[in-house]
Structures are given as C-alpha cells and as structure tokens.
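Colleague: What follows is a structure written as structure tokens; I'll ask about it next.
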Amino acid sequence: MKICNDQNKNLRKFFVTGLFSLIAFAAVLLGCLKVVNAADESTYPPVSASELQYSSNFQKGDELTTGNSAQFKVNFNAPGSSQERVHAGDVFMINLDQDVLEKVTMDLSSTTSSVDPNKDFNLVVNGGSITVTAKRDLPNVQQLSIVVSGTIKSGLEITKQLVNVQTAFTPNGQAKIDFPDSSILVTSGKSDGGGTTPSDTPDQISHAVFGGFGGFPDNSADKVEKNYTDNYVGRTEATSSELTQLYYQHTQDAMSAFGMIKLPVQVAMPKSVTWTLEPTDGHTIDMDSVVPWVDSYGTGGLYHGVNYDVMTPGTYSLTRTPDGKGAVFKCSTEAMHPGWSIDLTFYTPTTPWQSTVKGTGAADYIQMQTSLQYVDQSGATQTAGSHSVQMRYVNPDQTGYTPTLDLRTKTADLSKSLDPDFDFVLGTVTSPEFVKQFVEDAHDPANPLVGDQTIAAGYTFTAKYDGSVFDPAHPVDGTYTLEITAKNAQGNETTKKTTFVVKNSQVVPLPDSAANIVIHYVDVADPTHTMRTIEVPGYNHKVGDPITTVTPSQGGLNLQLWIDENMPDSYHTATTSELKSGQVQTPLPTTWPAKQAAITYYIAKDGTIPNGGGGTTPTQPVTPATPNTPAIPTVTNPTATANPSVVAKKGEAVYALKKVYLYKNNTFVKQDRQAGYVSKPRVYRPMFVVTGYSHSKNGHLRYKVRDVNHLTKNKGKTGYITANWNYVRPVYYQSKHKTLTVINPRGVNAYKNVNLTSKVRNYK
C-alpha cells in the first residue's frame, strides 16, 4: 500500500530534488572467531554456496520511486569447525541493467578489529554495476554480513520502468555463485499528490510523516542544546505486510522527521485542525525540538508559491499527549489557503547503546503515528484517519556511532600566499593539516566536542581526490574534489566530498621554483610512529634562495617558527638530553631545495625526564607584589574545569593560539558564531581586548571581548570567546623573563629616554 497518496513532493524544493541521497554501507557481524597461525592461512578453502545467503528489502516486481531505498544483503556464515573463509579478491556483485542509483559510498562498522573498512574492502560503482571486493584474506572471520543500500535517482522522467537486477558472489579464482535474479519497477519524477500551486490542491485533507527536515532549516537548535543533526538518509514504501520504512545514520541517539498536513480544495477546507504525532512503542518526542511551519503564512491572503515560515506564537497551541510521549498541535486555518501545508519538524530520541541490552543503540527503532481530526465548514468534527511509519537506523548491527562529519569548501588565491590572512594549508592528502582544514565539525555522542573544539578527540582522517589531483609543488588553477573519510576512536567511519578552488597559480615563477620541505614529527619515545606531517610549500621561492629568519611579510620564512606553530599538543622540540640512542636532530635546511626535502623532527612529550634524569632546574617565576585579580561573576556549581588557572584582566589584550570563534552569547552553539579566527604564527595571531566576563550554562568562563585586529573585516566586533588556556592567553608576559621575543614584524626601537627620544637601536 502507499501512505497518503495525495502528499506531494513537488510541493517544496526537497520534493523536487531530494531526500535522494545514496547511502552505501556494510555492517560486519563477527562472532565465533577462531584464531589461527599465519602458517595455516593458506589451508583455508574458499567460500562455498552453502555458507552464503542473499536477501533484499524488495520483492520481484516492486515499484520504487524517487527517494525510495533499495537494499542488497549477503550473509556469510561458517559455523563451528567450518573451514571456509573470505579471501583477497572475493567479490560481491550487484548489477542493474539501468543506471538508476546515485552517490554510492561505503560505510562499514568496526565491531571487531578483525575487519577494517578501508583495509579490508573496496567499493566500486560504475553506472549500474556495484562491486564490493575483499582486499585481503580474512582467516579469523567466520561470520560476515555485507549490505549495500541506495535510493532511486531523481529526474529520470520514467514511470514503472523495468530494471533487471542480478547479484552474485565470486570467490577469487573460483566459479561465480549466482543468487536468484530479480527486478524492480522504477518511477522517477512522479508526483504523488498535492502540489506547488492551487491547481495541484488535493480533493481531501491528508497527512503523513516524512524522514529528515527536507528544505526546512533546523530551527530546533535555537531551542534545544543537544546538538542533534538531520541524520535521515532514505525510505522504502509500505507493502502489504510492512509499514513505510524511514532510514537514518546512527550519528546520534535521535531521529529527525517532519509531519505534514496538506490542505484541500476550498469546498473541503477545514475551519481548524487537531493533529497528533506520537510514538506508539514507548519513545518520546523531544518537545523542545518541535517547530511548526506553514506555507506562505502571514502573506495577507495573497498566494506567493512555496514560501515556508515558522508559525507565529499565539496562532497555535502545542501540548503533550496525555501519556507525555507525543505532541498535539491545534490551529485555525482561517488565514490559510487551499493547497498550503502545515508542517511540524521534530526529533525523537532513541535508547543509547548498552552492550548487555538488546534493541539499544543502532538496533533501536521507532514506530511513529500521525492522526488528524478537523472541524469542517458545517462545524462538525471529522476524522482523517491515522498513518504509521517505522524509523530505523540503516545498520542495526553497528557498535557505537557513525561520525557526524561536516566539510567546508575553500579557495586558495596563490597570489596572496604571503599575506598574513592567507589561511590555506598547501599540501598533499598525506598531510593531516592539509586534510583537516576542510573539516568543519567531526564528532559523535561517544566522542563529543569539548570547549571550542571542532574535531573530537580520537578522530583521524584520510582523503583521496575524485578526479584531478592538486600538486602543491606545481599548482594549476581549477576546482578540485576531495573525498574525506572520518574515523572515530571506535573505528566507525563516514565519508563525504568537498571541493576547493585554486586560482592565480600563474603568478608563481614555476621554472625555478623550489620543492617543498616535509617535516615528520616523531616522538622520541616511539620512533616508529610519525605523529604529524606538514609540508612547507616551496613553489613561491627560488631554488637556492636562503631560508632566513625574516617574517613572511618580508618575503622570507622562519622555518623554526612554522615548525613550532604546528607542534602537536603537549609536545616540544626534543633537546639533546631527551634524544635516545641513535637519534640525531636533523639540522634544518638553510636554502630552498631543488628536490623535496624530508626531515625527521624529534619531539618529546611535555614533562619528559631527560636521559639520566639530568636537566636544568627551572627558574621560579616572580609573582607581582600586589596581584590584581579581576572580578569574575559567581557561578553556582561550576564544573571542575570552568575557570582557567590564569585569567586575563579586564582591559587586557589576549590572543588565540588555536582556531577560535566569536559568539553572540556565552553558551556556544554553532548558529551563534559571528566570526572564525584561524591559527596563525605568533606575530599574526588574532587579538582581542577583554571587556568583561561571563559563564556558559555549564559554568565555563567566557571572555567578553572586542576584536582589535585592525586590518581585518571583523575589527570592532564584540562577543564572547573561550577563556580556555590552551586556546586563548594574554598577549603580554605575566612574569619576569631573561629573554624577550619581539613579535612586531618591523621590530621595536630602544631609546635612551623615557619619552622615547635618542634612539639606540631596533630589535627584531
């Protein structure tokens, strides 16, 4: 059956183009693991047909329309003493005789260290042909489940087009194991009721529940600080035995959805509606996240097409159902027109994963019901029936969470590469700093963001180009596409694409350009592990030119400063006494090389005891006789890390050591960001003047500041920044120092007299 056939995806932009993303994922179900010796691996026979089982989420001849999900699953099970195993080169093949699927990606959950998505499997999509290939032998895996899922493309302009589906599993070097052939009827571009103009208005009022937020902004973030995101990926239509299925990525313990009422033609227009959305299985809608919308609301009775606005408070009522689980919405339709729609966006939390409790985490699902009563034009109360959908995570076998990954686009204007505000890291995909500059946010509930973090602890990234490859040593103008994979501490991954634009590469004197200098940071305590790699671009320097200590604005490079500013957190340059036997700190080059120079740079963790326990006793800093402690507002029950040990005084200048944001309010949410400030060498760090103090709802100290970066567009802006010592510190020295560092690129002058007369010299 079809739910609410008079709903219309053409009513709004997202019904025209989308909710049509393709999610490809594979869930690895591993159990009954048998450890074997490497010498015995070659004795394992290949997979046989008796150990394989294939299934799909559709029956032969089912109709799938734009946005519907098609899923293909193969299970391998070699129980007990069975010897069959997956080997390198084994292929799970899906072949559709027409190209009706799009944006194929692979997402494998790591339920065991025996299987790694990137190391063990390779997904390739070529038109209607999809293959998942094992990249190595898996002798320890006796149970494996691979699922590939995707949605039907939009805009194909076909109706019930027959698409034949063939699937097979081919063990490397063995005969192909065919699964039963199947087929689907594909309809793309089809309207299923409603419309974007009054002429498309249905005859009767209708209502339904859809996944995600479609074209609606996520305004719930203004009301609830749970950092939920729209994690919907696709749907399958109802059948005679199953409800409509809405599918979600398990990036969080909540699912995003919206309910829709489509108003009918004038003769059937209701006077008012009473609408109930409620889970029928014990879950609870998060009422703080519910936002009501209406098409062309408040436009004075004139029809202006699709124009959604948040409904004005006071024009509706929103309460809980008697059991407290659902939402009841009531409003008059007096100011509305036929063909308009009323919508409620909302989140419904799910049960966090518990290892000892079944049906938690990604295995949890929600049954959501919408029911509608209305008052007709005669004043009688009518019922428009009820409809239900099931909301599920795409990979119910997943342990932990799929990362939430937001990427940004960037532009590299190479004519400005020496400017202080040039914030593009030039490098290759092997450089973490190059890749991370495109990451806006990366986190999940098990690995949350702390303070001003934008990347949660434990996250690593890999990247590859989709198409043309950017060479920082020989740049070429153009648009480049990067495919970035984020992996969290639990081994779960997600992959997205972004682009960056390179322009004005022709200003670089390429014929005699120098090569890059590559710095590999290596921990003296673990010399086999490279902690970080950065590339210092040489394309805007000539081979043989000296690498001096002048600042970038003077056309040179302070290589040591570049190294220090990219030092991993809580590390420092290893001293001679900290180097281990056989370790030698490579001298830094003094001239620009003709060939790439790779340098192993030894670093030591802060607090490391030098070899032999030697070292210099640190000098006790001098405390001012009468310290001036700023007045900080009192906070009830602040957290243990609410206030840093050193607090800048009111009127004092501070600068940012790492990337920070300027926020409108003291409790930081992404929507309140006014400006972002990237990490820069010390001489160009963004500066602020502290004008006051405040605390977040969790008790974290915030500086109220004024931007004093005189040469930038943000000069004079006011707001709040973090007071975290690791991110923001006072500009000026807090105690006596024997050595002072001049940070003004032009240096400072020394004078004989206090009124700054009789210049002695300039210090740089």
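So you can find residues: chains in the structure tokens are A, B, ... in the order shown, residues in each start at 1, and ligands are numbered from 1 in order.
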So that I can check the surroundings of Val705 (chain A), please list as a PyMOL selection string every protein, DNA and RNA residue that reaches within 6 Å of it, counting only C-alpha atoms and ignoring chain neighbours fewer than 4 positions away.

Modeller: chain A and resi 688-691+718-720

Colleague: Please provide the set of residues having any atom within 8 Å of Gly400 (chain A), restricted to only C-alpha atoms, with same-chain residues fewer than 5 positions apart removed, written as a PyMOL selection string.

Modeller: chain A and resi 353+361-362+446+490+492

Colleague: Identify which of the residues A:Phe434, A:Phe258, A:Phe92, A:Phe668 lies closest to Leu123 (chain A), counting only C-alpha atoms when measuring atom-to-atom distances.

Modeller: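 The answer is A:Phe92, which sits nearest to Leu123 (chain A).
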
Colleague: Grab the CA of Lys416 (chain A) to CA of Lys496 (chain A) distance for me, in Å with one decimal place.

Modeller: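 Separation of CA of Lys416 (chain A) and CA of Lys496 (chain A): 28.7 Å.
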
Colleague: Pull the strand (DSSP E) assignments for region 276-446 of chain A out of DSSP run on the backbone, and list those residues as a compact mmCIF listing (two decimals) with N, CA and C atoms, in the first residue's frame.

Modeller:
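Here's the written file part07.txt:
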```txt
# COMPACT_ATOMS: atom_id res chain seq x y z
N THR A 276 -2.25 14.98 15.98
CA THR A 276 -1.45 14.27 16.98
C THR A 276 -0.34 13.47 16.30
N LEU A 277 0.89 13.70 16.74
CA LEU A 277 2.05 12.92 16.32
C LEU A 277 2.60 12.23 17.56
N GLU A 278 2.67 10.90 17.53
CA GLU A 278 3.12 10.20 18.73
C GLU A 278 3.75 8.86 18.40
N PRO A 279 4.85 8.53 19.10
CA PRO A 279 5.39 7.17 19.01
C PRO A 279 4.44 6.22 19.71
N VAL A 291 9.08 22.37 15.93
CA VAL A 291 8.91 23.69 15.32
C VAL A 291 7.78 23.61 14.29
N PRO A 292 6.72 24.44 14.41
CA PRO A 292 5.61 24.43 13.44
C PRO A 292 5.89 25.38 12.27
N TRP A 293 5.55 24.96 11.06
CA TRP A 293 5.75 25.74 9.85
C TRP A 293 4.44 25.79 9.06
N VAL A 294 4.32 26.80 8.20
CA VAL A 294 3.19 26.87 7.28
C VAL A 294 3.64 27.53 5.99
N ASP A 295 3.06 27.09 4.89
CA ASP A 295 3.38 27.65 3.59
C ASP A 295 2.70 29.00 3.42
N TYR A 308 7.90 29.01 3.00
CA TYR A 308 7.67 28.49 4.34
C TYR A 308 8.19 29.44 5.41
N ASP A 309 7.39 29.58 6.45
CA ASP A 309 7.76 30.40 7.59
C ASP A 309 7.39 29.67 8.87
N VAL A 310 8.15 29.96 9.93
CA VAL A 310 7.79 29.45 11.25
C VAL A 310 6.49 30.13 11.68
N TYR A 316 -1.31 29.19 17.41
CA TYR A 316 -1.48 27.74 17.50
C TYR A 316 -1.23 27.33 18.95
N SER A 317 -1.58 26.10 19.30
CA SER A 317 -1.23 25.54 20.60
C SER A 317 -0.47 24.24 20.37
N LEU A 318 0.49 23.96 21.25
CA LEU A 318 1.31 22.76 21.14
C LEU A 318 1.45 22.17 22.54
N THR A 319 0.88 21.00 22.75
CA THR A 319 0.90 20.35 24.06
C THR A 319 1.32 18.89 23.91
N ARG A 320 1.55 18.26 25.04
CA ARG A 320 1.87 16.84 25.04
C ARG A 320 0.59 16.00 25.04
N ALA A 327 3.02 14.71 20.65
CA ALA A 327 2.71 16.14 20.54
C ALA A 327 1.32 16.31 19.94
N VAL A 328 0.54 17.26 20.50
CA VAL A 328 -0.78 17.60 19.99
C VAL A 328 -0.75 19.05 19.52
N PHE A 329 -1.02 19.26 18.24
CA PHE A 329 -0.97 20.58 17.61
C PHE A 329 -2.39 20.99 17.21
N LYS A 330 -2.77 22.22 17.56
CA LYS A 330 -4.09 22.74 17.19
C LYS A 330 -3.92 24.13 16.60
N CYS A 331 -4.70 24.40 15.54
CA CYS A 331 -4.69 25.76 14.99
C CYS A 331 -5.92 25.97 14.12
N SER A 332 -6.26 27.24 13.91
CA SER A 332 -7.29 27.62 12.97
C SER A 332 -6.68 27.74 11.58
N SER A 341 0.34 23.89 3.16
CA SER A 341 0.59 22.77 4.08
C SER A 341 1.03 23.30 5.44
N ILE A 342 0.74 22.50 6.45
CA ILE A 342 1.20 22.75 7.82
C ILE A 342 2.20 21.64 8.15
N ASP A 343 3.33 22.00 8.73
CA ASP A 343 4.37 21.02 8.99
C ASP A 343 4.93 21.18 10.40
N LEU A 344 5.31 20.06 10.99
CA LEU A 344 6.00 20.06 12.29
C LEU A 344 7.31 19.32 12.12
N THR A 345 8.44 20.00 12.36
CA THR A 345 9.73 19.33 12.39
C THR A 345 10.04 18.96 13.84
N PHE A 346 10.70 17.81 14.03
CA PHE A 346 10.96 17.37 15.40
C PHE A 346 12.02 16.27 15.41
N TYR A 347 12.56 16.03 16.61
CA TYR A 347 13.47 14.91 16.86
C TYR A 347 12.82 13.97 17.86
N THR A 348 13.09 12.68 17.70
CA THR A 348 12.66 11.68 18.68
C THR A 348 13.89 10.91 19.15
N PRO A 349 14.25 11.02 20.42
CA PRO A 349 15.42 10.31 20.94
C PRO A 349 15.23 8.79 20.91
N TYR A 365 14.52 1.14 17.19
CA TYR A 365 13.71 1.72 16.13
C TYR A 365 12.44 2.31 16.74
N ILE A 366 11.77 3.18 15.97
CA ILE A 366 10.60 3.91 16.45
C ILE A 366 9.43 3.64 15.52
N GLN A 367 8.26 3.42 16.09
CA GLN A 367 7.03 3.38 15.29
C GLN A 367 6.27 4.67 15.57
N MET A 368 6.16 5.52 14.55
CA MET A 368 5.57 6.85 14.69
C MET A 368 4.20 6.87 14.00
N GLN A 369 3.21 7.46 14.69
CA GLN A 369 1.86 7.53 14.14
C GLN A 369 1.39 8.98 14.06
N THR A 370 0.71 9.31 12.99
CA THR A 370 0.06 10.61 12.83
C THR A 370 -1.44 10.39 12.70
N SER A 371 -2.22 11.14 13.47
CA SER A 371 -3.69 11.06 13.39
C SER A 371 -4.24 12.48 13.36
N LEU A 372 -5.37 12.68 12.68
CA LEU A 372 -5.87 14.02 12.43
C LEU A 372 -7.39 14.09 12.59
N GLN A 373 -7.83 15.10 13.35
CA GLN A 373 -9.23 15.48 13.42
C GLN A 373 -9.35 16.92 12.92
N TYR A 374 -10.50 17.26 12.33
CA TYR A 374 -10.69 18.62 11.86
C TYR A 374 -12.16 18.99 11.96
N VAL A 375 -12.42 20.29 12.01
CA VAL A 375 -13.79 20.81 12.01
C VAL A 375 -14.10 21.27 10.60
N THR A 381 -17.17 17.78 13.63
CA THR A 381 -15.83 17.22 13.80
C THR A 381 -15.68 15.97 12.96
N GLN A 382 -14.65 15.92 12.14
CA GLN A 382 -14.39 14.80 11.26
C GLN A 382 -13.02 14.19 11.58
N THR A 383 -12.82 12.95 11.14
CA THR A 383 -11.54 12.27 11.34
C THR A 383 -10.92 11.94 9.99
N ALA A 384 -9.64 12.25 9.85
CA ALA A 384 -8.93 11.97 8.60
C ALA A 384 -8.08 10.71 8.72
N GLY A 385 -8.37 9.89 9.72
CA GLY A 385 -7.66 8.62 9.85
C GLY A 385 -6.28 8.77 10.47
N SER A 386 -5.54 7.68 10.50
CA SER A 386 -4.19 7.68 11.05
C SER A 386 -3.27 6.90 10.13
N HIS A 387 -1.99 7.24 10.19
CA HIS A 387 -0.97 6.56 9.39
C HIS A 387 0.25 6.33 10.27
N SER A 388 1.00 5.26 9.99
CA SER A 388 2.19 4.94 10.78
C SER A 388 3.38 4.68 9.87
N VAL A 389 4.55 4.98 10.38
CA VAL A 389 5.82 4.65 9.71
C VAL A 389 6.76 4.07 10.76
N GLN A 390 7.75 3.31 10.30
CA GLN A 390 8.81 2.84 11.18
C GLN A 390 10.09 3.60 10.83
N MET A 391 10.78 4.05 11.87
CA MET A 391 12.02 4.81 11.73
C MET A 391 13.16 3.93 12.24
N ARG A 392 14.14 3.65 11.39
CA ARG A 392 15.19 2.70 11.71
C ARG A 392 16.57 3.25 11.36
N TYR A 393 17.59 2.77 12.05
CA TYR A 393 18.97 3.03 11.65
C TYR A 393 19.35 2.04 10.56
N THR A 404 29.54 12.18 12.83
CA THR A 404 28.94 13.35 12.19
C THR A 404 30.09 14.14 11.57
N LEU A 405 30.05 14.32 10.27
CA LEU A 405 31.13 14.98 9.55
C LEU A 405 30.56 16.10 8.69
N ASP A 406 30.98 17.33 8.96
CA ASP A 406 30.62 18.49 8.15
C ASP A 406 31.88 19.04 7.52
N LEU A 407 31.86 19.22 6.21
CA LEU A 407 33.03 19.71 5.49
C LEU A 407 32.78 21.12 4.97
N LYS A 410 36.86 25.64 0.26
CA LYS A 410 37.86 26.69 0.43
C LYS A 410 38.36 27.18 -0.93
N THR A 411 38.95 28.37 -0.91
CA THR A 411 39.57 28.94 -2.11
C THR A 411 41.00 29.33 -1.78
N ALA A 412 41.92 28.91 -2.61
CA ALA A 412 43.33 29.25 -2.44
C ALA A 412 43.74 30.23 -3.53
N ASP A 413 43.83 31.51 -3.17
CA ASP A 413 44.31 32.54 -4.09
C ASP A 413 45.82 32.63 -3.90
N VAL A 439 37.65 20.27 7.37
CA VAL A 439 36.72 19.68 8.33
C VAL A 439 36.11 20.79 9.18
N GLU A 440 34.81 21.00 9.03
CA GLU A 440 34.09 21.99 9.83
C GLU A 440 33.78 21.43 11.21
N ASP A 441 33.27 20.20 11.25
CA ASP A 441 32.95 19.53 12.50
C ASP A 441 33.11 18.03 12.31
N ALA A 442 33.59 17.35 13.35
CA ALA A 442 33.67 15.89 13.35
C ALA A 442 33.52 15.43 14.79
N HIS A 443 32.44 14.71 15.06
CA HIS A 443 32.18 14.28 16.44
C HIS A 443 31.07 13.26 16.43
```
